[in-house]
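The next block is work.txt, given as compact mmCIF, C-alpha atoms.
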# COMPACT_ATOMS: atom_id res chain seq x y z
CA MET K 1 21.83 -12.23 -61.31
CA SER K 2 23.77 -14.61 -59.14
CA THR K 3 21.99 -17.66 -57.72
CA SER K 4 24.72 -18.66 -55.31
CA SER K 5 23.50 -17.20 -52.02
CA VAL K 6 21.83 -19.17 -49.28
CA MET K 7 18.68 -17.10 -49.68
CA ASP K 8 18.38 -18.27 -53.30
CA ILE K 9 18.02 -21.88 -52.17
CA GLY K 10 14.72 -23.39 -51.06
CA ALA K 11 14.21 -23.86 -47.33
CA SER K 12 12.80 -26.64 -45.21
CA ALA K 13 10.12 -26.24 -42.55
CA ASP K 14 12.56 -25.07 -39.87
CA ALA K 15 13.06 -21.81 -41.78
CA PHE K 16 9.32 -21.07 -41.49
CA ILE K 17 8.81 -21.99 -37.84
CA ASP K 18 7.48 -18.48 -37.14
CA HIS K 19 5.47 -18.11 -40.35
CA ALA K 20 1.77 -18.32 -39.49
CA GLY K 21 0.52 -19.20 -42.98
CA TYR K 22 3.10 -21.91 -43.65
CA GLN K 23 2.58 -23.53 -40.26
CA ARG K 24 -1.20 -23.54 -40.67
CA MET K 25 -0.97 -25.34 -44.02
CA PHE K 26 1.90 -27.80 -43.81
CA ARG K 27 3.11 -30.80 -41.82
CA ALA K 28 4.84 -33.92 -43.04
CA ASP K 29 2.47 -36.86 -43.63
CA HIS K 30 -0.63 -34.70 -43.18
CA LEU K 31 -2.99 -32.98 -45.60
CA THR K 32 -4.94 -29.75 -45.10
CA LEU K 33 -7.65 -28.10 -47.17
CA GLY K 34 -7.84 -24.75 -48.93
CA ILE K 35 -10.37 -23.09 -51.21
CA PHE K 36 -9.60 -21.52 -54.60
CA LEU K 37 -11.28 -18.25 -55.54
CA PRO K 38 -13.48 -17.22 -57.25
CA LEU K 39 -16.30 -19.23 -55.76
CA ARG K 40 -18.32 -18.75 -58.94
CA PHE K 41 -17.09 -18.69 -62.54
CA TYR K 42 -16.99 -15.25 -64.20
CA GLU K 43 -18.94 -15.08 -67.46
CA GLY K 44 -18.98 -11.37 -68.13
CA ASP K 45 -20.81 -10.05 -65.06
CA MET K 46 -18.93 -8.93 -61.94
CA ALA K 47 -22.10 -9.45 -59.90
CA VAL K 48 -21.20 -13.13 -59.70
CA LEU K 49 -18.63 -12.16 -57.05
CA GLU K 50 -21.10 -10.35 -54.78
CA GLY K 51 -21.04 -11.85 -51.29
CA GLN K 52 -17.76 -13.68 -51.85
CA GLY K 53 -15.96 -11.67 -49.17
CA ALA K 54 -18.48 -12.81 -46.55
CA LEU K 55 -17.99 -16.42 -47.64
CA VAL K 56 -14.24 -16.01 -47.28
CA GLU K 57 -14.89 -14.86 -43.71
CA TYR K 58 -16.88 -18.08 -43.24
CA ILE K 59 -13.95 -20.10 -44.67
CA ASP K 60 -11.69 -18.44 -42.12
CA GLN K 61 -14.08 -18.97 -39.22
CA GLN K 62 -14.64 -22.65 -40.04
CA GLY K 63 -10.91 -23.40 -39.88
CA PHE K 64 -9.84 -24.05 -43.47
CA ALA K 65 -6.09 -23.78 -43.93
CA ALA K 66 -5.93 -21.37 -46.88
CA VAL K 67 -7.71 -19.34 -49.52
CA TRP K 68 -6.06 -19.17 -52.94
CA VAL K 69 -6.14 -16.38 -55.52
CA ARG K 70 -4.91 -16.58 -59.09
CA ASP K 71 -2.91 -14.09 -61.16
CA VAL K 72 -4.37 -13.45 -64.63
CA PRO K 73 -3.26 -9.96 -65.76
CA LEU K 74 -5.10 -10.03 -69.11
CA PHE K 75 -8.24 -11.88 -70.15
CA ASP K 76 -7.66 -13.94 -73.30
CA PRO K 77 -11.01 -14.91 -74.91
CA MET K 78 -9.30 -17.86 -76.59
CA PHE K 79 -8.25 -19.13 -73.14
CA GLY K 80 -11.67 -18.43 -71.72
CA ASP K 81 -10.76 -18.14 -68.04
CA ALA K 82 -10.46 -14.75 -66.34
CA GLY K 83 -9.14 -16.23 -63.09
CA GLN K 84 -10.30 -14.53 -59.92
CA LEU K 85 -10.41 -11.15 -61.74
CA PHE K 86 -8.88 -8.82 -59.16
CA ASP K 87 -5.19 -8.09 -58.95
CA PRO K 88 -3.99 -10.80 -56.55
CA PHE K 89 -2.17 -8.56 -54.10
CA THR K 90 -4.88 -5.91 -54.03
CA TYR K 91 -7.47 -8.58 -53.32
CA LEU K 92 -5.33 -10.29 -50.70
CA ALA K 93 -5.04 -6.97 -48.86
CA TYR K 94 -8.84 -6.78 -48.82
CA LEU K 95 -9.12 -10.36 -47.59
CA ALA K 96 -6.39 -9.87 -45.00
CA ALA K 97 -8.56 -7.18 -43.41
CA ARG K 98 -11.60 -9.50 -43.32
CA THR K 99 -9.90 -12.63 -41.95
CA ARG K 100 -7.79 -13.57 -38.96
CA ASN K 101 -6.16 -16.98 -39.33
CA VAL K 102 -6.51 -18.45 -42.81
CA ALA K 103 -3.36 -18.51 -44.94
CA LEU K 104 -3.44 -16.25 -48.00
CA ALA K 105 -1.98 -18.08 -50.98
CA THR K 106 -1.31 -17.15 -54.59
CA GLY K 107 -1.79 -19.85 -57.20
CA SER K 108 0.18 -18.55 -58.90
CA VAL K 109 1.94 -15.20 -59.48
CA VAL K 110 3.41 -14.99 -63.00
CA MET K 111 6.96 -14.03 -62.03
CA PRO K 112 8.39 -13.23 -65.50
CA LEU K 113 5.75 -10.53 -66.11
CA ARG K 114 6.50 -8.56 -62.95
CA HIS K 115 9.52 -6.60 -61.81
CA PRO K 116 11.11 -8.28 -58.77
CA ILE K 117 11.15 -5.05 -56.77
CA ASP K 118 7.43 -4.50 -57.25
CA LEU K 119 6.73 -8.15 -56.44
CA ALA K 120 8.84 -8.03 -53.30
CA LYS K 121 7.22 -4.78 -52.15
CA ALA K 122 3.70 -6.10 -52.67
CA ALA K 123 4.41 -9.48 -51.11
CA ALA K 124 6.13 -8.08 -48.03
CA SER K 125 3.28 -5.59 -47.58
CA ILE K 126 0.64 -8.33 -47.65
CA ASP K 127 2.72 -10.50 -45.34
CA GLN K 128 2.99 -7.70 -42.79
CA LEU K 129 -0.65 -6.62 -43.10
CA SER K 130 -1.84 -10.20 -42.59
CA GLY K 131 0.53 -11.06 -39.73
CA GLY K 132 2.69 -13.48 -41.75
CA ARG K 133 -0.03 -15.35 -43.62
CA LEU K 134 1.20 -15.04 -47.24
CA VAL K 135 2.23 -18.27 -49.00
CA MET K 136 3.31 -17.36 -52.51
CA GLY K 137 2.75 -19.79 -55.35
CA ILE K 138 4.84 -18.71 -58.35
CA ALA K 139 4.76 -19.69 -62.02
CA SER K 140 6.36 -18.92 -65.38
CA GLY K 141 3.04 -18.21 -67.12
CA ASP K 142 0.74 -20.28 -69.33
CA ARG K 143 -0.86 -17.60 -71.53
CA PRO K 144 1.45 -16.72 -74.43
CA VAL K 145 -0.51 -13.60 -75.47
CA GLU K 146 0.36 -11.81 -72.22
CA PHE K 147 4.10 -11.67 -72.88
CA PRO K 148 4.15 -9.55 -76.08
CA ALA K 149 1.55 -7.28 -74.45
CA TYR K 150 4.17 -6.64 -71.77
CA GLY K 151 6.89 -6.25 -74.40
CA LEU K 152 8.50 -9.53 -73.36
CA ASP K 153 9.63 -12.63 -75.20
CA HIS K 154 7.46 -15.60 -74.29
CA ALA K 155 10.26 -18.01 -75.18
CA ALA K 156 12.53 -16.45 -72.52
CA ARG K 157 10.08 -16.91 -69.65
CA GLY K 158 12.03 -19.78 -68.07
CA GLU K 159 15.21 -17.76 -67.74
CA ARG K 160 13.29 -14.71 -66.52
CA PHE K 161 11.51 -16.86 -63.94
CA ALA K 162 14.75 -18.16 -62.39
CA GLU K 163 16.26 -14.67 -62.35
CA SER K 164 13.14 -13.21 -60.76
CA VAL K 165 13.14 -15.78 -57.95
CA SER K 166 16.73 -14.91 -57.14
CA ALA K 167 16.16 -11.15 -57.26
CA PHE K 168 12.92 -11.35 -55.25
CA ARG K 169 14.65 -13.16 -52.40
CA ARG K 170 17.64 -10.82 -52.43
CA TRP K 171 15.49 -7.70 -52.10
CA LEU K 172 13.75 -9.20 -49.07
CA GLN K 173 16.95 -10.05 -47.25
CA PRO K 174 17.59 -8.12 -44.03
CA ALA K 175 20.01 -5.24 -44.25
CA HIS K 176 22.56 -7.28 -42.29
CA GLY K 177 22.29 -10.24 -44.69
CA THR K 178 25.35 -11.82 -46.27
CA ALA K 179 24.30 -11.70 -49.93
CA LEU K 180 22.36 -8.51 -50.46
CA HIS K 181 21.16 -7.11 -53.77
CA PRO K 182 23.70 -5.09 -55.85
CA TRP K 183 22.22 -1.75 -54.73
CA ALA K 184 22.91 -2.36 -51.05
CA ALA K 185 26.22 -0.52 -51.28
CA GLN K 186 24.25 2.67 -51.92
CA GLY K 187 22.17 2.08 -48.81
CA LEU K 188 19.00 1.13 -50.68
CA GLN K 189 16.65 -1.11 -48.76
CA LEU K 190 13.19 -2.45 -49.53
CA LEU K 191 10.64 -1.87 -46.78
CA PRO K 192 8.70 -3.39 -45.14
CA SER K 193 10.45 -6.65 -44.44
CA PRO K 194 8.31 -9.81 -44.29
CA ALA K 195 6.66 -10.57 -40.97
CA SER K 196 9.04 -13.48 -40.44
CA ALA K 197 12.42 -14.32 -41.94
CA ARG K 198 11.21 -15.09 -45.47
CA ILE K 199 8.12 -15.61 -47.61
CA PRO K 200 7.53 -19.20 -48.77
CA LEU K 201 7.88 -19.57 -52.55
CA VAL K 202 5.94 -22.51 -53.95
CA VAL K 203 6.91 -23.35 -57.53
CA THR K 204 3.95 -24.32 -59.72
CA GLY K 205 4.46 -27.14 -62.20
CA GLY K 206 7.82 -27.08 -63.92
CA ALA K 207 8.04 -23.30 -64.44
CA ARG K 208 10.33 -24.13 -67.41
CA GLN K 209 12.96 -25.45 -64.95
CA SER K 210 14.42 -28.90 -64.40
CA LEU K 211 13.11 -31.07 -61.57
CA ASP K 212 16.56 -30.72 -59.98
CA TRP K 213 16.16 -26.91 -60.01
CA VAL K 214 12.76 -27.21 -58.34
CA GLY K 215 14.27 -29.53 -55.74
CA GLN K 216 17.05 -27.03 -55.05
CA HIS K 217 15.19 -23.73 -55.12
CA ALA K 218 11.52 -24.26 -54.21
CA ASP K 219 10.18 -23.93 -50.66
CA GLY K 220 7.35 -26.19 -51.82
CA TRP K 221 5.88 -27.62 -55.02
CA LEU K 222 2.38 -27.27 -56.48
CA THR K 223 1.50 -29.67 -59.29
CA TYR K 224 -1.55 -30.87 -61.13
CA PRO K 225 -2.95 -34.02 -59.53
CA ASP K 226 -2.97 -36.45 -62.48
CA ALA K 227 -6.22 -38.45 -62.75
CA THR K 228 -8.58 -38.00 -59.81
CA HIS K 229 -11.37 -40.44 -60.67
CA ASP K 230 -9.42 -43.70 -60.17
CA ARG K 231 -6.72 -45.24 -57.98
CA ALA K 232 -3.97 -44.98 -60.58
CA GLY K 233 -3.78 -41.18 -60.58
CA PRO K 234 -2.71 -40.77 -56.93
CA LEU K 235 -0.18 -43.59 -57.37
CA ARG K 236 1.45 -41.77 -60.29
CA LEU K 237 1.36 -38.55 -58.29
CA ALA K 238 3.14 -40.32 -55.42
CA GLU K 239 5.98 -41.32 -57.77
CA LYS K 240 6.35 -37.74 -58.93
CA ILE K 241 6.47 -36.43 -55.36
CA ARG K 242 9.06 -39.03 -54.32
CA ALA K 243 11.26 -38.18 -57.31
CA TRP K 244 11.16 -34.48 -56.38
CA ARG K 245 11.84 -35.02 -52.69
CA ARG K 246 14.90 -37.13 -53.49
CA LEU K 247 16.37 -33.97 -55.05
CA VAL K 248 15.84 -31.76 -51.99
CA PRO K 249 19.44 -31.09 -50.94
CA ASP K 250 19.11 -30.99 -47.15
CA GLY K 251 16.70 -33.91 -46.93
CA GLY K 252 14.36 -31.75 -44.88
CA PHE K 253 10.60 -31.58 -45.29
CA ARG K 254 9.22 -29.43 -48.08
CA PRO K 255 5.49 -29.49 -48.77
CA HIS K 256 3.68 -30.66 -51.86
CA MET K 257 0.33 -29.22 -52.93
CA THR K 258 -2.23 -30.11 -55.57
CA ASN K 259 -5.70 -28.91 -56.59
CA GLU K 260 -8.98 -29.99 -58.14
CA TRP K 261 -12.02 -28.20 -59.56
CA LEU K 262 -15.08 -29.83 -58.04
CA ASP K 263 -18.72 -30.24 -58.83
CA LEU K 264 -19.66 -31.58 -55.39
CA VAL K 265 -23.15 -33.08 -55.68
CA ASP K 266 -25.56 -33.52 -52.79
CA ASP K 267 -25.60 -37.32 -53.07
CA PRO K 268 -22.70 -38.39 -50.79
CA ASP K 269 -22.40 -41.74 -52.62
CA HIS K 270 -22.10 -40.30 -56.13
CA PRO K 271 -19.00 -41.85 -57.78
CA ARG K 272 -16.04 -39.81 -58.99
CA VAL K 273 -16.68 -38.87 -62.63
CA PRO K 274 -14.18 -36.84 -64.71
CA LEU K 275 -15.57 -33.88 -66.66
CA GLN K 276 -14.07 -31.65 -69.34
CA GLY K 277 -11.32 -34.12 -70.18
CA GLY K 278 -10.43 -34.58 -66.51
CA TYR K 279 -10.15 -30.85 -65.82
CA GLN K 280 -13.11 -31.05 -63.42
CA LEU K 281 -14.39 -33.76 -61.10
CA ARG K 282 -17.99 -34.52 -60.25
CA THR K 283 -18.28 -36.47 -57.03
CA GLY K 284 -20.15 -36.94 -53.82
CA ARG K 285 -18.66 -36.32 -50.40
CA LYS K 286 -17.48 -39.90 -49.86
CA GLY K 287 -15.65 -39.98 -53.18
CA LEU K 288 -13.93 -36.71 -52.34
CA ILE K 289 -12.81 -38.04 -48.95
CA GLU K 290 -11.41 -41.17 -50.61
CA LEU K 291 -9.46 -38.99 -53.06
CA LEU K 292 -8.08 -36.79 -50.28
CA GLU K 293 -7.01 -39.85 -48.29
CA ALA K 294 -5.24 -41.21 -51.37
CA TRP K 295 -3.47 -37.88 -51.87
CA GLN K 296 -2.37 -37.86 -48.25
CA ARG K 297 -0.87 -41.34 -48.66
CA ALA K 298 0.85 -40.10 -51.82
CA GLY K 299 2.65 -37.37 -49.88
CA VAL K 300 0.41 -34.39 -50.65
CA ASN K 301 0.34 -31.89 -47.79
CA HIS K 302 -2.33 -29.47 -48.98
CA ALA K 303 -5.29 -29.74 -51.36
CA ALA K 304 -6.71 -26.55 -52.87
CA LEU K 305 -10.31 -27.14 -53.92
CA GLY K 306 -12.08 -25.01 -56.50
CA ILE K 307 -15.88 -25.04 -56.37
CA GLN K 308 -16.62 -22.46 -59.07
CA PHE K 309 -18.09 -25.13 -61.38
CA SER K 310 -20.32 -26.72 -58.73
CA GLN K 311 -24.02 -26.62 -59.59
CA ARG K 312 -25.06 -26.13 -55.97
CA PRO K 313 -24.85 -22.74 -54.20
CA ALA K 314 -21.33 -21.94 -53.02
CA ALA K 315 -22.47 -21.45 -49.41
CA GLU K 316 -24.07 -24.90 -49.40
CA VAL K 317 -20.94 -26.59 -50.78
CA LEU K 318 -18.70 -24.79 -48.28
CA GLN K 319 -20.96 -25.82 -45.41
CA GLU K 320 -20.78 -29.49 -46.41
CA LEU K 321 -17.01 -29.31 -46.76
CA ALA K 322 -16.69 -27.58 -43.38
CA GLU K 323 -18.96 -30.00 -41.52
CA ASP K 324 -18.15 -33.34 -43.12
CA VAL K 325 -14.73 -33.17 -44.79
CA LEU K 326 -12.60 -30.58 -43.00
CA PRO K 327 -12.68 -32.38 -39.61
CA LEU K 328 -10.85 -35.30 -41.26
CA PHE K 329 -8.09 -33.00 -42.56
CA PRO K 330 -7.76 -30.27 -39.95
CA SER K 331 -5.55 -27.23 -40.23
CA HIS K 332 -2.48 -27.12 -38.01
CA ASP K 333 -1.79 -25.08 -34.93
CA GLY K 334 1.03 -22.61 -35.22
CA PRO K 335 2.02 -19.08 -34.31
CA ARG K 336 -1.03 -16.85 -34.01
CA PRO K 337 -0.91 -13.93 -36.43
CA PRO K 338 -0.56 -10.69 -34.46
CA HIS K 339 -3.66 -8.51 -34.79
CA ARG K 340 -2.01 -5.14 -35.20
CA ARG K 341 -4.21 -2.11 -35.81
CA TRP K 342 -2.49 -0.89 -38.93
Before anything else, please render the file you have as structure tokens.
Amino acid sequence: MSTSSVMDIGASADAFIDHAGYQRMFRADHLTLGIFLPLRFYEGDMAVLEGQGALVEYIDQQGFAAVWVRDVPLFDPMFGDAGQLFDPFTYLAYLAARTRNVALATGSVVMPLRHPIDLAKAAASIDQLSGGRLVMGIASGDRPVEFPAYGLDHAARGERFAESVSAFRRWLQPAHGTALHPWAAQGLQLLPSPASARIPLVVTGGARQSLDWVGQHADGWLTYPDATHDRAGPLRLAEKIRAWRRLVPDGGFRPHMTNEWLDLVDDPDHPRVPLQGGYQLRTGRKGLIELLEAWQRAGVNHAALGIQFSQRPAAEVLQELAEDVLPLFPSHDGPRPPHRRW
């Protein structure tokens, strides 16, 4: 597949001026907040997810920028994490019907495991059903066992990822585009089109690509945050973000995102303490605010917070975040998603 067309290259904010989800989440020099799903960790009983849809409605009503769903096709007991369980696009369709403004983000779709036509069809459908709220995090995959189950070579995932990004964007080009997919000569067209010109593709980690490739082709970049319990971690993250942005070819703004799994305790003065080798963070509200401020100074534009490991009830944690943290990092105004009666 060729990667020479304009649509194969990442785009700056101007290309997403009409995209409701992108505009709600991202501005230069500002940070917004999102919530990762599930809100409670799955340990063999689906009942743990009961009531989550209503809490997502609360997230939307309180003004958070985004909700994030993960893509874990197969549960690997050795890995131990089933993700958010539902197929990401099926679940986003359900959430699109229950929300009005919050961006719907994937973190992240495993591109090499999916056919680009099916991905483009699903993504464009969600984008239309939600009024342009889909922000699509994409990855090369971190669970080796999934690839042979699909009949694919795990070692080739980097090449398949780059090819899938190119093909995905080509299938979503308008019929009058200048670099259509090879089947355009036969009149084939993928419908529906996205709600706006294109769907933002946020590359997660390295995706087996060079940093230069990510600078050239990503509409945004999602990376792990480095250490979150001290001042050094955000400083190292800032260096990483600056190195990536120097490689953005047009010099325009492209957003950076990061995430953290929180055990937010009820003592607001509780210090930031790393858990599980730094994979989780136990902190009080003030420590979280200090971390978010440090991320904002580092150039992070969106923080996706996972609360599935918090010991307090999810509703209680969300209420504290909404009342005491979110006002310091408000979501942005942008185009209102049209409320069509599909």
By how many Å are atom CA of Leu85 of chain K and atom CA of Ala105 of chain K apart? 15.3 Å
Near Leu264 of chain K, counting all atoms listed in the file, which residues have an atom at most 9 Å away, once you skip same-chain residues fewer than 6 positions from it, shown as a tab-separated table (two decimals) with C-alpha atoms, in the frame of the given file?
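Below is the file part01.tsv, written as the result:
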chain	number	residue	atom	x	y	z
K	281	LEU	CA	-14.39	-33.76	-61.10
K	282	ARG	CA	-17.99	-34.52	-60.25
K	283	THR	CA	-18.28	-36.47	-57.03
K	284	GLY	CA	-20.15	-36.94	-53.82
K	285	ARG	CA	-18.66	-36.32	-50.40
K	288	LEU	CA	-13.93	-36.71	-52.34
K	307	ILE	CA	-15.88	-25.04	-56.37
K	309	PHE	CA	-18.09	-25.13	-61.38
K	310	SER	CA	-20.32	-26.72	-58.73
K	311	GLN	CA	-24.02	-26.62	-59.59
K	312	ARG	CA	-25.06	-26.13	-55.97
K	317	VAL	CA	-20.94	-26.59	-50.78
Compare K:Ala20, K:Val203, K:Leu275, K:Val248 by their minimum atom-to-atom distance to Pro335 of chain K, counting all atoms listed in the file, and give me the closest one.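 Going through K:Ala20, K:Val203, K:Leu275, K:Val248 one by one, the smallest distance to Pro335 of chain K is for K:Ala20.
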Every residue with an atom at most 12 Å from (3.3, -10.2, -72.0) (file coordinates; all atoms listed in the file) is what I'm after, so could you write them as a list in words? Val72, Pro73, Leu74, Phe75, Asp76, Val110, Met111, Pro112, Leu113, Arg114, Ser140, Gly141, Asp142, Arg143, Pro144, Val145, Glu146, Phe147, Pro148, Ala149, Tyr150, Gly151, Leu152, Asp153, His154, Ala155, Ala156 and Arg157 of chain K
Atom CA of Asp219 of chain K and atom CA of Ser12 of chain K, how far apart in Å? 6.6 Å
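Coordinates place atom CA of Thr32 of chain K at a distance of 6.3 Å from atom CA of Asn301 of chain K.
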Would you list the contacts of Phe36 of chain K as a list of chain:residue names, taking every protein, DNA or RNA residue within 8 Å and counting only C-alpha atoms, but skipping same-chain residues closer than 6 positions in sequence?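 Once the nearby chain positions are removed, what remains is K:Val67, K:Trp68, K:Val69, K:Ala304, K:Leu305, K:Gly306, K:Ile307.
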For Val300 of chain K, which residue among K:Ser210, K:Asn259, K:Gln189, K:Gln319 is the nearest when counting all atoms listed in the file?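 Nearest candidate to Val300 of chain K out of K:Ser210, K:Asn259, K:Gln189, K:Gln319: K:Asn259.
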